[in-house]
file start-v4.cif (mmCIF, C-alpha atoms and all ligand atoms)
data_structure
#
loop_
_atom_site.label_atom_id
_atom_site.label_comp_id
_atom_site.auth_asym_id
_atom_site.auth_seq_id
_atom_site.Cartn_x
_atom_site.Cartn_y
_atom_site.Cartn_z
CA MET A 15 -98.39 -60.81 132.06
CA THR A 16 -96.39 -57.69 131.12
CA ASN A 17 -98.10 -54.33 131.59
CA VAL A 18 -99.02 -53.52 127.97
CA GLN A 19 -98.95 -49.81 128.72
CA THR A 20 -95.22 -49.84 129.46
CA ALA A 21 -93.08 -48.80 126.53
CA VAL A 22 -89.34 -49.08 126.13
CA VAL A 23 -87.60 -46.96 123.52
CA VAL A 24 -84.25 -48.43 122.46
CA GLY A 25 -82.16 -45.47 121.36
CA ALA A 26 -81.73 -41.90 122.58
CA GLY A 27 -80.97 -40.11 119.32
CA PRO A 28 -83.43 -37.75 117.58
CA TYR A 29 -85.90 -40.58 116.83
CA GLY A 30 -85.76 -42.21 120.25
CA LEU A 31 -86.03 -38.89 122.11
CA SER A 32 -88.94 -37.77 119.93
CA ALA A 33 -90.79 -41.09 120.32
CA ALA A 34 -90.26 -40.91 124.08
CA ALA A 35 -91.50 -37.31 124.20
CA HIS A 36 -94.71 -38.28 122.38
CA LEU A 37 -95.37 -41.41 124.49
CA TRP A 38 -94.61 -39.50 127.69
CA GLY A 39 -96.72 -36.59 126.50
CA HIS A 40 -99.68 -38.97 126.18
CA GLY A 41 -99.19 -40.02 129.78
CA LEU A 42 -97.68 -43.44 129.03
CA PRO A 43 -94.93 -44.88 131.20
CA VAL A 44 -91.82 -44.98 129.06
CA THR A 45 -88.20 -45.99 129.60
CA VAL A 46 -85.58 -44.69 127.20
CA LEU A 47 -82.44 -46.78 126.80
CA GLY A 48 -79.21 -45.72 125.12
CA ARG A 49 -76.56 -43.05 125.31
CA PRO A 50 -78.12 -39.67 124.49
CA MET A 51 -77.10 -38.54 121.01
CA GLU A 52 -74.28 -41.10 121.01
CA SER A 53 -73.69 -41.20 117.26
CA TRP A 54 -73.74 -37.39 117.03
CA GLU A 55 -71.31 -37.09 119.94
CA ARG A 56 -68.88 -39.13 117.84
CA MET A 57 -69.17 -37.08 114.66
CA PRO A 58 -66.25 -34.74 113.79
CA ALA A 59 -66.38 -31.77 116.15
CA GLY A 60 -66.07 -29.27 113.28
CA MET A 61 -69.08 -30.70 111.44
CA LEU A 62 -72.00 -28.55 110.36
CA LEU A 63 -75.48 -29.98 109.92
CA GLU A 64 -76.55 -30.66 106.36
CA SER A 65 -80.19 -30.15 107.28
CA PRO A 66 -81.45 -26.57 107.52
CA TRP A 67 -82.92 -24.93 110.62
CA SER A 68 -86.50 -25.76 109.59
CA ALA A 69 -85.64 -29.49 109.43
CA SER A 70 -83.53 -29.92 112.54
CA SER A 71 -85.94 -29.74 115.48
CA LEU A 72 -86.86 -32.81 117.49
CA SER A 73 -90.55 -33.47 118.01
CA ASP A 74 -92.90 -33.45 121.00
CA PRO A 75 -96.70 -33.72 120.95
CA ASP A 76 -97.40 -30.00 121.15
CA GLY A 77 -94.54 -28.93 118.92
CA LEU A 78 -93.26 -26.74 121.73
CA ASN A 79 -89.62 -27.60 122.06
CA THR A 80 -88.32 -26.51 118.68
CA LEU A 81 -85.05 -24.83 117.79
CA ASP A 82 -86.94 -21.51 117.70
CA ARG A 83 -88.14 -22.03 121.27
CA PHE A 84 -84.61 -23.04 122.32
CA VAL A 85 -83.29 -19.74 120.99
CA ALA A 86 -86.09 -17.77 122.67
CA ASP A 87 -85.65 -19.56 126.02
CA THR A 88 -81.90 -19.64 126.26
CA GLY A 89 -80.94 -16.41 124.51
CA MET A 90 -78.62 -18.36 122.20
CA PRO A 91 -78.23 -16.70 118.78
CA ARG A 92 -79.67 -18.47 115.75
CA VAL A 93 -76.75 -19.98 113.79
CA GLU A 94 -76.99 -21.49 110.31
CA PRO A 95 -75.68 -23.86 109.06
CA ILE A 96 -76.04 -25.40 112.49
CA PRO A 97 -72.71 -26.39 114.06
CA LEU A 98 -72.66 -29.85 115.66
CA PRO A 99 -72.00 -28.59 119.25
CA TYR A 100 -74.95 -26.18 118.91
CA PHE A 101 -77.25 -29.02 117.81
CA LEU A 102 -76.07 -31.18 120.71
CA GLU A 103 -76.81 -28.36 123.12
CA TYR A 104 -80.30 -28.01 121.66
CA CYS A 105 -80.92 -31.77 121.95
CA ALA A 106 -79.79 -31.75 125.61
CA TRP A 107 -82.21 -28.87 126.25
CA PHE A 108 -85.02 -30.76 124.44
CA ARG A 109 -84.35 -33.84 126.55
CA HIS A 110 -84.52 -31.79 129.71
CA GLN A 111 -87.87 -30.26 128.62
CA ALA A 112 -89.71 -33.17 127.06
CA VAL A 113 -88.27 -36.58 127.89
CA PRO A 114 -88.30 -38.61 131.07
CA GLU A 115 -84.99 -39.80 132.40
CA VAL A 116 -82.74 -41.62 129.95
CA ASP A 117 -81.18 -44.89 131.12
CA THR A 118 -77.85 -45.34 129.38
CA GLY A 119 -78.14 -49.16 129.53
CA ARG A 120 -77.30 -51.04 126.34
CA VAL A 121 -79.71 -53.70 125.11
CA CYS A 122 -77.98 -56.96 124.31
CA SER A 123 -81.08 -59.11 123.81
CA LEU A 124 -84.72 -58.49 122.93
CA ARG A 125 -87.25 -61.29 122.79
CA ASP A 126 -91.00 -61.49 122.87
CA LEU A 127 -92.84 -63.36 125.61
CA THR A 128 -95.42 -66.06 125.01
CA ASP A 129 -98.10 -64.27 127.02
CA GLY A 130 -97.50 -60.91 125.34
CA GLY A 131 -94.91 -58.19 125.70
CA PHE A 132 -91.13 -58.25 125.53
CA ARG A 133 -88.10 -58.93 127.66
CA LEU A 134 -84.97 -56.84 127.22
CA GLN A 135 -81.66 -57.95 128.61
CA LEU A 136 -79.14 -55.19 129.25
CA ALA A 137 -75.37 -55.52 128.97
CA ASP A 138 -74.96 -54.54 132.65
CA GLY A 139 -77.00 -57.59 133.73
CA ARG A 140 -80.35 -55.89 134.32
CA ALA A 141 -83.53 -57.06 132.58
CA LEU A 142 -86.72 -55.13 131.72
CA GLU A 143 -90.16 -56.11 130.52
CA ALA A 144 -92.35 -53.96 128.31
CA GLY A 145 -95.63 -54.14 126.45
CA ARG A 146 -94.28 -52.13 123.55
CA VAL A 147 -90.76 -51.62 122.21
CA VAL A 148 -89.65 -48.90 119.83
CA VAL A 149 -86.33 -49.64 118.12
CA ALA A 150 -84.57 -46.35 117.26
CA VAL A 151 -80.94 -47.35 116.90
CA GLY A 152 -80.01 -45.18 113.91
CA LEU A 153 -77.62 -45.69 111.01
CA GLU A 154 -74.27 -45.97 112.69
CA ARG A 155 -74.17 -49.74 112.94
CA PHE A 156 -74.82 -50.17 109.20
CA PRO A 157 -71.81 -48.64 107.37
CA HIS A 158 -71.54 -49.86 103.79
CA VAL A 159 -68.03 -51.03 102.86
CA PRO A 160 -67.84 -52.11 99.20
CA GLU A 161 -66.29 -55.56 98.77
CA LEU A 162 -63.21 -54.16 97.06
CA PHE A 163 -62.20 -52.39 100.28
CA GLY A 164 -63.41 -55.00 102.77
CA GLU A 165 -60.15 -56.91 103.14
CA LEU A 166 -57.77 -53.94 103.44
CA PRO A 167 -55.96 -53.33 106.74
CA PRO A 168 -58.13 -51.20 109.06
CA ASP A 169 -55.22 -48.84 109.83
CA LEU A 170 -55.19 -47.82 106.14
CA VAL A 171 -58.94 -47.65 105.46
CA THR A 172 -61.69 -46.08 107.53
CA HIS A 173 -65.36 -45.50 106.88
CA THR A 174 -66.48 -41.92 107.60
CA VAL A 175 -68.49 -43.31 110.53
CA ALA A 176 -65.20 -44.04 112.29
CA GLN A 177 -63.14 -41.10 111.01
CA ARG A 178 -63.75 -38.37 113.55
CA ASP A 179 -60.35 -36.85 114.07
CA PHE A 180 -58.50 -35.53 111.05
CA ALA A 181 -55.59 -33.82 112.80
CA GLY A 182 -53.52 -37.01 112.78
CA LEU A 183 -53.59 -37.00 108.97
CA ALA A 184 -51.86 -33.64 108.50
CA GLY A 185 -49.34 -33.99 105.67
CA ALA A 186 -50.74 -37.35 104.55
CA ASP A 187 -52.05 -38.26 101.09
CA VAL A 188 -55.68 -39.25 101.53
CA ALA A 189 -58.25 -40.44 99.00
CA VAL A 190 -61.91 -40.06 99.90
CA ILE A 191 -64.33 -42.36 98.06
CA GLY A 192 -67.86 -41.06 97.42
CA ALA A 193 -69.69 -37.87 96.54
CA GLY A 194 -72.32 -37.54 99.25
CA GLN A 195 -72.33 -35.08 102.12
CA SER A 196 -70.26 -37.33 104.42
CA ALA A 197 -67.55 -37.83 101.78
CA LEU A 198 -67.39 -34.17 100.78
CA GLU A 199 -67.43 -32.87 104.34
CA ALA A 200 -64.69 -35.36 105.29
CA ALA A 201 -62.67 -34.04 102.32
CA ALA A 202 -63.10 -30.44 103.51
CA LEU A 203 -62.10 -31.32 107.08
CA LEU A 204 -59.11 -33.34 105.85
CA HIS A 205 -57.90 -30.46 103.71
CA GLU A 206 -58.36 -28.02 106.58
CA ALA A 207 -56.35 -30.37 108.81
CA GLY A 208 -53.48 -30.27 106.32
CA ALA A 209 -53.95 -33.54 104.40
CA ARG A 210 -53.42 -33.66 100.61
CA THR A 211 -56.89 -34.82 99.70
CA GLU A 212 -58.53 -36.23 96.61
CA VAL A 213 -62.19 -37.15 96.19
CA ILE A 214 -62.77 -40.08 93.83
CA ALA A 215 -66.37 -40.69 92.79
CA ARG A 216 -68.01 -43.07 90.32
CA GLY A 217 -70.55 -40.41 89.33
CA PRO A 218 -70.57 -36.61 89.18
CA ILE A 219 -69.67 -34.40 92.11
CA SER A 220 -72.77 -32.27 92.60
CA TRP A 221 -73.93 -29.59 94.98
CA ILE A 222 -77.44 -29.12 96.27
CA ASP A 223 -78.78 -26.21 94.26
CA ARG A 224 -80.52 -23.64 96.41
CA SER A 225 -81.30 -21.16 93.62
CA LEU A 226 -85.06 -21.87 93.72
CA HIS A 227 -84.99 -21.09 97.45
CA ARG A 228 -84.49 -17.45 96.49
CA LEU A 229 -87.87 -17.38 94.76
CA HIS A 230 -90.83 -15.56 96.27
CA PRO A 231 -91.46 -17.26 99.67
CA ALA A 232 -94.94 -18.44 98.60
CA LEU A 233 -93.55 -20.19 95.52
CA ARG A 234 -90.62 -21.58 97.48
CA ASP A 235 -92.98 -23.03 100.08
CA LEU A 236 -95.06 -24.61 97.33
CA LEU A 237 -92.01 -26.44 95.96
CA TYR A 238 -90.10 -27.21 99.15
CA ALA A 239 -91.37 -28.60 102.45
CA PRO A 240 -89.67 -27.38 105.64
CA SER A 241 -88.05 -30.84 105.94
CA ASP A 242 -86.20 -29.96 102.71
CA VAL A 243 -85.28 -33.48 101.56
CA GLY A 244 -85.09 -33.75 97.77
CA PRO A 245 -85.46 -31.37 94.84
CA ALA A 246 -88.38 -29.02 94.09
CA GLY A 247 -91.72 -30.82 94.14
CA ILE A 248 -90.31 -34.18 95.30
CA SER A 249 -89.53 -32.46 98.60
CA ARG A 250 -93.28 -31.99 99.16
CA LEU A 251 -93.98 -35.69 98.51
CA VAL A 252 -91.09 -36.95 100.65
CA ASP A 253 -92.38 -34.76 103.50
CA ARG A 254 -95.44 -37.02 103.77
CA PRO A 255 -94.12 -40.43 104.80
CA LEU A 256 -97.60 -41.91 105.28
CA LEU A 257 -98.43 -41.01 101.69
CA VAL A 258 -95.08 -42.36 100.47
CA ARG A 259 -95.90 -45.66 102.15
CA ARG A 260 -99.01 -46.00 100.02
CA LEU A 261 -97.20 -45.45 96.72
CA PRO A 262 -96.49 -48.44 94.49
CA ARG A 263 -93.07 -49.83 95.40
CA ARG A 264 -91.42 -48.76 92.14
CA LEU A 265 -92.61 -45.18 92.48
CA ARG A 266 -91.55 -45.10 96.11
CA LEU A 267 -88.05 -46.29 95.26
CA ALA A 268 -87.78 -43.87 92.34
CA ALA A 269 -88.75 -40.95 94.61
CA THR A 270 -86.17 -42.10 97.16
CA VAL A 271 -83.37 -42.36 94.61
CA ARG A 272 -84.24 -38.92 93.23
CA ALA A 273 -84.46 -37.36 96.69
CA VAL A 274 -81.17 -38.56 98.12
CA ARG A 275 -78.77 -38.52 95.20
CA PRO A 276 -75.19 -38.05 96.39
CA ALA A 277 -74.49 -34.34 96.64
CA GLY A 278 -72.92 -31.83 98.99
CA ALA A 279 -74.63 -28.99 100.83
CA HIS A 280 -74.27 -25.68 98.97
CA TRP A 281 -72.31 -24.10 101.84
CA LEU A 282 -69.67 -26.84 101.59
CA ARG A 283 -68.82 -26.08 97.98
CA ALA A 284 -66.36 -23.25 98.60
CA ARG A 285 -64.45 -25.41 101.12
CA VAL A 286 -64.00 -28.25 98.62
CA GLU A 287 -63.77 -26.90 95.07
CA HIS A 288 -60.29 -25.53 94.32
CA ALA A 289 -59.10 -26.84 97.71
CA VAL A 290 -59.32 -30.55 97.09
CA ARG A 291 -58.53 -32.58 93.98
CA LEU A 292 -61.82 -33.83 92.51
CA THR A 293 -61.92 -36.92 90.31
CA PRO A 294 -65.52 -37.59 89.29
CA HIS A 295 -66.83 -40.34 86.97
CA THR A 296 -63.97 -42.60 88.04
CA ALA A 297 -64.06 -45.84 90.00
CA VAL A 298 -61.36 -47.56 92.01
CA VAL A 299 -60.99 -50.94 90.28
CA ASP A 300 -58.16 -52.49 92.26
CA THR A 301 -56.45 -51.90 95.60
CA ARG A 302 -53.14 -53.22 96.94
CA VAL A 303 -51.15 -52.65 100.06
CA ALA A 304 -48.01 -50.78 98.95
CA LYS A 305 -44.70 -50.20 100.71
CA HIS A 306 -46.14 -47.13 102.43
CA GLY A 307 -49.91 -47.13 102.34
CA LEU A 308 -52.10 -48.21 99.45
CA ARG A 309 -51.92 -48.38 95.68
CA LEU A 310 -55.22 -47.60 93.96
CA GLN A 311 -55.85 -48.49 90.36
CA LEU A 312 -58.54 -46.25 88.85
CA SER A 313 -60.93 -46.96 85.98
CA ASP A 314 -59.24 -44.26 83.84
CA GLU A 315 -56.07 -46.41 84.10
CA SER A 316 -54.28 -43.96 86.34
CA VAL A 317 -52.77 -45.01 89.67
CA ARG A 318 -52.71 -43.30 93.08
CA TYR A 319 -50.49 -44.00 96.06
CA VAL A 320 -52.13 -42.88 99.28
CA ASP A 321 -51.41 -43.11 102.99
CA ARG A 322 -55.08 -43.50 103.87
CA LEU A 323 -58.40 -44.25 102.25
CA VAL A 324 -61.58 -42.76 103.71
CA LEU A 325 -64.84 -44.39 102.60
CA GLY A 326 -67.78 -42.02 102.30
CA THR A 327 -69.75 -44.91 100.87
CA GLY A 328 -72.87 -44.49 102.95
CA TYR A 329 -75.00 -46.87 104.96
CA ARG A 330 -77.17 -49.93 104.23
CA PRO A 331 -79.59 -50.47 107.10
CA ASP A 332 -80.49 -54.14 107.53
CA VAL A 333 -82.71 -55.43 110.30
CA ARG A 334 -80.88 -58.78 110.19
CA GLY A 335 -77.81 -56.90 111.42
CA LEU A 336 -79.49 -56.00 114.72
CA ASP A 337 -77.48 -58.30 116.93
CA PHE A 338 -79.77 -57.90 119.94
CA LEU A 339 -82.89 -59.35 118.27
CA ALA A 340 -83.43 -62.91 119.53
CA PRO A 341 -83.07 -65.41 116.64
CA ASP A 342 -86.60 -66.69 117.20
CA LEU A 343 -88.09 -63.18 117.04
CA LEU A 344 -86.03 -62.39 113.93
CA ARG A 345 -87.29 -65.56 112.23
CA ARG A 346 -90.89 -64.52 112.79
CA LEU A 347 -90.37 -60.91 111.74
CA ARG A 348 -91.76 -60.30 108.25
CA VAL A 349 -89.13 -58.59 106.14
CA ALA A 350 -88.93 -57.04 102.69
CA GLY A 351 -85.27 -57.63 101.85
CA PRO A 352 -83.27 -55.93 104.60
CA ALA A 353 -86.25 -53.96 105.96
CA PRO A 354 -88.88 -54.98 108.49
CA VAL A 355 -92.40 -54.86 107.03
CA LEU A 356 -94.18 -52.04 108.87
CA ASP A 357 -97.77 -50.89 109.03
CA ARG A 358 -98.80 -47.25 109.17
CA TRP A 359 -97.97 -47.12 112.88
CA PHE A 360 -94.38 -48.21 112.18
CA GLU A 361 -95.36 -51.49 113.83
CA SER A 362 -93.81 -54.71 112.60
CA SER A 363 -95.43 -58.11 112.12
CA VAL A 364 -94.56 -58.80 115.79
CA PRO A 365 -97.33 -56.88 117.60
CA GLY A 366 -95.99 -54.12 119.83
CA LEU A 367 -92.58 -53.97 118.14
CA HIS A 368 -91.91 -50.75 116.20
CA PHE A 369 -88.96 -49.64 114.09
CA VAL A 370 -88.33 -45.95 113.45
CA GLY A 371 -85.56 -44.07 111.67
CA ALA A 372 -83.42 -45.58 108.93
CA LEU A 373 -84.93 -49.07 109.27
CA ALA A 374 -88.32 -47.62 108.27
CA GLU A 375 -87.02 -45.96 105.10
CA HIS A 376 -88.04 -48.83 102.83
CA HIS A 377 -91.71 -48.14 103.55
CA PHE A 378 -91.83 -44.49 104.55
CA GLY A 379 -89.19 -43.03 102.26
CA PRO A 380 -86.03 -41.00 102.69
CA LEU A 381 -87.39 -38.63 105.34
CA CYS A 382 -86.66 -41.48 107.78
CA ARG A 383 -82.93 -40.90 107.34
CA PHE A 384 -83.16 -37.36 108.64
CA VAL A 385 -84.04 -35.66 111.91
CA ALA A 386 -87.08 -34.17 110.15
CA GLY A 387 -88.72 -37.60 109.95
CA ALA A 388 -88.72 -38.13 113.71
CA GLY A 389 -92.01 -36.29 114.30
CA ALA A 390 -94.13 -38.38 111.92
CA ALA A 391 -92.74 -41.64 113.31
CA ALA A 392 -93.18 -40.56 116.92
CA ARG A 393 -96.77 -39.41 116.33
CA GLN A 394 -97.73 -42.72 114.73
CA VAL A 395 -96.11 -44.84 117.44
CA ALA A 396 -97.80 -42.82 120.20
CA ALA A 397 -101.16 -42.92 118.41
CA ARG A 398 -100.94 -46.70 118.21
CA ALA A 399 -99.89 -46.95 121.85
CA VAL A 400 -102.87 -44.95 123.11
CA GLY A 401 -105.29 -46.28 120.51
CA LEU A 402 -105.86 -42.92 118.80
CA PRO A 403 -106.79 -42.76 115.13
CA ALA A 404 -103.75 -41.56 113.15
C1 LIG B 1 -71.96 -37.76 109.47
C2 LIG B 1 -73.46 -37.68 109.48
C3 LIG B 1 -74.07 -36.45 109.39
C4 LIG B 1 -75.46 -36.35 109.43
N1 LIG B 1 -76.03 -35.11 109.32
C5 LIG B 1 -77.36 -35.00 109.38
C6 LIG B 1 -78.00 -33.72 109.33
O1 LIG B 1 -77.37 -32.69 109.20
N2 LIG B 1 -79.35 -33.67 109.41
C7 LIG B 1 -80.12 -34.80 109.54
O2 LIG B 1 -81.33 -34.67 109.60
N3 LIG B 1 -79.55 -36.02 109.58
C8 LIG B 1 -78.20 -36.15 109.51
N4 LIG B 1 -77.62 -37.38 109.56
C9 LIG B 1 -78.46 -38.55 109.69
C10 LIG B 1 -78.66 -38.82 111.20
O3 LIG B 1 -77.82 -39.87 111.60
C11 LIG B 1 -80.05 -39.15 111.48
O4 LIG B 1 -80.87 -38.10 111.05
C12 LIG B 1 -80.34 -39.32 112.97
O5 LIG B 1 -79.20 -39.45 113.79
C13 LIG B 1 -81.15 -40.53 113.15
O6 LIG B 1 -81.54 -40.54 114.49
P1 LIG B 1 -81.78 -41.87 115.27
O7 LIG B 1 -82.39 -41.48 116.55
O8 LIG B 1 -82.52 -42.82 114.40
O9 LIG B 1 -80.32 -42.52 115.46
P2 LIG B 1 -79.03 -42.04 116.28
O10 LIG B 1 -78.97 -40.57 116.40
O11 LIG B 1 -77.88 -42.71 115.62
O12 LIG B 1 -79.24 -42.66 117.70
C14 LIG B 1 -79.12 -44.02 117.96
C15 LIG B 1 -79.32 -44.26 119.44
O13 LIG B 1 -79.44 -45.67 119.63
C16 LIG B 1 -78.69 -46.04 120.77
N5 LIG B 1 -78.40 -47.47 120.67
C17 LIG B 1 -77.85 -48.15 119.64
N6 LIG B 1 -77.78 -49.46 119.94
C18 LIG B 1 -78.31 -49.61 121.17
C19 LIG B 1 -78.52 -50.72 122.02
N7 LIG B 1 -78.18 -51.96 121.68
N8 LIG B 1 -79.09 -50.50 123.24
C20 LIG B 1 -79.46 -49.26 123.62
N9 LIG B 1 -79.30 -48.17 122.82
C21 LIG B 1 -78.72 -48.36 121.63
C22 LIG B 1 -77.50 -45.12 120.76
O14 LIG B 1 -76.89 -45.04 122.04
C23 LIG B 1 -78.18 -43.81 120.34
O15 LIG B 1 -78.72 -43.21 121.49
C24 LIG B 1 -76.25 -37.51 109.54
C25 LIG B 1 -75.62 -38.76 109.62
C26 LIG B 1 -74.25 -38.84 109.60
C27 LIG B 1 -73.61 -40.20 109.71
#
call {"tool": "encode", "arguments": {"input": "start-v4.cif", "output": "structure tokens"}}
result
Amino acid sequence: MTNVQTAVVVGAGPYGLSAAAHLWGHGLPVTVLGRPMESWERMPAGMLLESPWSASSLSDPDGLNTLDRFVADTGMPRVEPIPLPYFLEYCAWFRHQAVPEVDTGRVCSLRDLTDGGFRLQLADGRALEAGRVVVAVGLERFPHVPELFGELPPDLVTHTVAQRDFAGLAGADVAVIGAGQSALEAAALLHEAGARTEVIARGPISWIDRSLHRLHPALRDLLYAPSDVGPAGISRLVDRPLLVRRLPRRLRLAATVRAVRPAGAHWLRARVEHAVRLTPHTAVVDTRVAKHGLRLQLSDESVRYVDRLVLGTGYRPDVRGLDFLAPDLLRRLRVAGPAPVLDRWFESSVPGLHFVGALAEHHFGPLCRFVAGAGAAARQVAARAVGLPA
């Protein structure tokens, strides 16, 4: 029988590294699989983090290895908004401090064993057994491509998840679809790379309003949690994922919708407004391949000819899209729509199998989409693993 103490964490992003740090910190043998910070390594090099300093630290059991400690230990200056290379440097430092070795093996199959525990098959031919598995594979594999754009040639349409280099689009006409941070930051980077850029959005183009942040610090802290997801007041609720889980489903979904409405970070505004053509409250209703590029028919009856379409249309995490889950395990996994049903320890209906990060959002709310949610998930998983009350 598999040693039930052994844990494997699948994923070495903020959630996987934090879960590993907590399990390791409790003295449990843990193997971390995945390429460290792989999805972040692939983001556009000029990207700045949307999340503020207070919401961008990874988590370890004693809360030691924060961004503040990184600055104190390394002598690096504090920089905000946080540039992507700076964040990657911090995460490498965190890993060095708080996480056992990371094995870059890729899981191609995960199944549970009849006498307890799990077997993981790696793409390089190796196999591992574990008593507990924490799935922390992030958002990247779940890009949402609306049906209208699904059949277009891939050299003319890219989702922001795959659009990392904008230099090749200098001089091109590019339409960006969406009004969230990814869409608006892609528009800024496209413009700065020399593309003629237009943002087309079904709804308004809004900016996260930070005016209440200038209130007296005590009042600000009352309204906004350090994780800073959502508007005043809601931010405090969203910060407590275990409480969110206990809310009636309708209330939970309403809080999620309110907290993560498409909007751009306030510091992005000056790089987009007056630099990029903005077309809010307008949908693309038809697309055709034209002689050079694409012809877009818009809901206001106007037409655009573009060389490239960039989709900032977000992500739709769906556990059924995890290609490495064995069909038999997937059949027995209780799901609520696309989400695995999870208890308060982020444990699924298959004992010993946990899901953290975006796949836990359905139950624990929007914090799970951000680095700031990694601590709560990691604490719960570790508490379950060592049998602590949590
Ligand atoms: C453009 C963009 C900007 C963002 N900006 C912010 C921000 O500023 N602040 C913020 O809080 N959040 C931001 N996010 C959200 C961010 O993705 C999440 O907060 C965070 O990355 C989630 O961490 P994770 O560990 O769940 O996943 P990831 O960081 O995506 O890590 C996934 C890990 O899983 C591994 N993996 C995947 N499949 C396998 C497999 N089969 N076998 C082994 N390993 C595997 C990968 O190698 C990787 O190590 C942003 C997202 C995007 C797309």
call {"tool": "closest_atom_pairs", "arguments": {"input": "start-v4.cif", "of": "chain A", "to": "ligand LIG 1 (chain B)", "cutoff": "7 Å", "atoms": "only C-alpha atoms and all ligand atoms", "output": "CSV"}}
result
residue,atom,partner,partner_atom,distance
A:Val24,CA,B:LIG1,N9,5.0
A:Gly25,CA,B:LIG1,O13,3.2
A:Ala26,CA,B:LIG1,O15,3.5
A:Gly27,CA,B:LIG1,O7,3.4
A:Pro28,CA,B:LIG1,O7,4.0
A:Tyr29,CA,B:LIG1,O7,3.6
A:Gly30,CA,B:LIG1,O7,5.1
A:Leu47,CA,B:LIG1,C20,5.0
A:Gly48,CA,B:LIG1,N9,3.4
A:Arg49,CA,B:LIG1,O14,3.8
A:Pro50,CA,B:LIG1,O15,4.7
A:Met51,CA,B:LIG1,O15,5.0
A:Glu52,CA,B:LIG1,C23,4.8
A:Ser53,CA,B:LIG1,O11,4.7
A:Trp54,CA,B:LIG1,O10,6.2
A:Met57,CA,B:LIG1,C1,5.9
A:Leu62,CA,B:LIG1,O1,6.9
A:Leu63,CA,B:LIG1,O1,3.4
A:Glu64,CA,B:LIG1,O1,3.6
A:Ser65,CA,B:LIG1,N2,4.2
A:Ala69,CA,B:LIG1,O2,6.7
A:Ser70,CA,B:LIG1,O2,6.0
A:Gly119,CA,B:LIG1,C20,6.1
A:Arg120,CA,B:LIG1,N8,3.6
A:Val121,CA,B:LIG1,N8,3.8
A:Cys122,CA,B:LIG1,N7,5.7
A:Ala150,CA,B:LIG1,O8,5.0
A:Val151,CA,B:LIG1,O13,3.5
A:Gly152,CA,B:LIG1,O9,3.1
A:Leu153,CA,B:LIG1,O11,5.5
A:Glu154,CA,B:LIG1,O11,5.7
A:Val175,CA,B:LIG1,C27,6.0
A:Ser196,CA,B:LIG1,C1,5.3
A:Phe338,CA,B:LIG1,N7,6.4
A:Val370,CA,B:LIG1,O8,6.7
A:Gly371,CA,B:LIG1,O8,4.3
A:Ala372,CA,B:LIG1,O8,6.2
A:Arg383,CA,B:LIG1,O4,5.1
A:Phe384,CA,B:LIG1,O2,3.4
A:Val385,CA,B:LIG1,O2,3.7
A:Ala386,CA,B:LIG1,O2,5.8
call {"tool": "closest_residue", "arguments": {"input": "start-v4.cif", "among": "A:Arg133, A:Arg254, A:His230, A:His376", "to": "A:Ala268", "atoms": "all atoms listed in the file"}}
result
A:His376
call {"tool": "closest_residue", "arguments": {"input": "start-v4.cif", "among": "A:Leu367, A:Pro380, A:Gly387, A:Arg140", "to": "A:Ile248", "atoms": "all atoms listed in the file"}}
result
A:Pro380
call {"tool": "residues_around", "arguments": {"input": "start-v4.cif", "residues": "stretch 327-337 of chain A", "least_positions_apart": "6", "cutoff": "10 Å", "atoms": "all atoms listed in the file", "output": "MDAnalysis selection string"}}
result
chainID A and resid 121:124 149 151:160 173:175 190:197 215 276 344:345 347 349:354 369 371:376
call {"tool": "closest_residue", "arguments": {"input": "start-v4.cif", "among": "A:Gly182, A:Pro218, A:Pro240, A:Gly247", "to": "A:Thr296", "atoms": "all atoms listed in the file"}}
result
A:Pro218
call {"tool": "residues_around", "arguments": {"input": "start-v4.cif", "residues": "A:Ala397", "least_positions_apart": "4", "cutoff": "12 Å", "atoms": "all atoms listed in the file", "output": "PyMOL selection string"}}
result
chain A and resi 33+36-42+75+358-361+390-393+401-404
call {"tool": "closest_residue", "arguments": {"input": "start-v4.cif", "among": "A:Val148, A:Ile214, A:Lys305, A:Ala279", "to": "A:Val395", "atoms": "all atoms listed in the file"}}
result
A:Val148
call {"tool": "closest_residue", "arguments": {"input": "start-v4.cif", "among": "A:Ala35, A:Leu229, A:Leu204, A:Leu310", "to": "A:Asp76", "atoms": "only C-alpha atoms"}}
result
A:Ala35
call {"tool": "closest_residue", "arguments": {"input": "start-v4.cif", "among": "A:Arg216, A:Arg56, A:Arg259, A:Arg146", "to": "A:His295", "atoms": "all atoms listed in the file"}}
result
A:Arg216
call {"tool": "residues_around", "arguments": {"input": "start-v4.cif", "residues": "A:Gly366", "least_positions_apart": "2", "cutoff": "12 Å", "atoms": "all atoms listed in the file", "output": "PyMOL selection string"}}
result
chain A and resi 16-23+125-127+130-132+144-149+347+356-357+359-364+368-369+395-396+398-400
call {"tool": "atom_distance", "arguments": {"input": "start-v4.cif", "atom1": "atom CA of A:Trp67", "atom2": "atom CA of A:Thr80"}}
result
9.8 Å
call {"tool": "atom_distance", "arguments": {"input": "start-v4.cif", "atom1": "atom CA of A:His306", "atom2": "atom CA of A:Leu162"}}
result
19.2 Å
call {"tool": "axis_aligned_box", "arguments": {"input": "start-v4.cif", "around": "stretch 184-198 of chain A", "padding_each_side": "6 Å", "output": "JSON"}}
result
{"center_x": -60.8, "center_y": -38.0, "center_z": 102.5, "size_x": 35.0, "size_y": 20.7, "size_z": 24.0}
call {"tool": "residues_around", "arguments": {"input": "start-v4.cif", "residues": "A:Gly208", "least_positions_apart": "2", "cutoff": "7 Å", "atoms": "all atoms listed in the file", "output": "VMD selection string"}}
result
chain A and resid 184 to 185 204 to 206 210
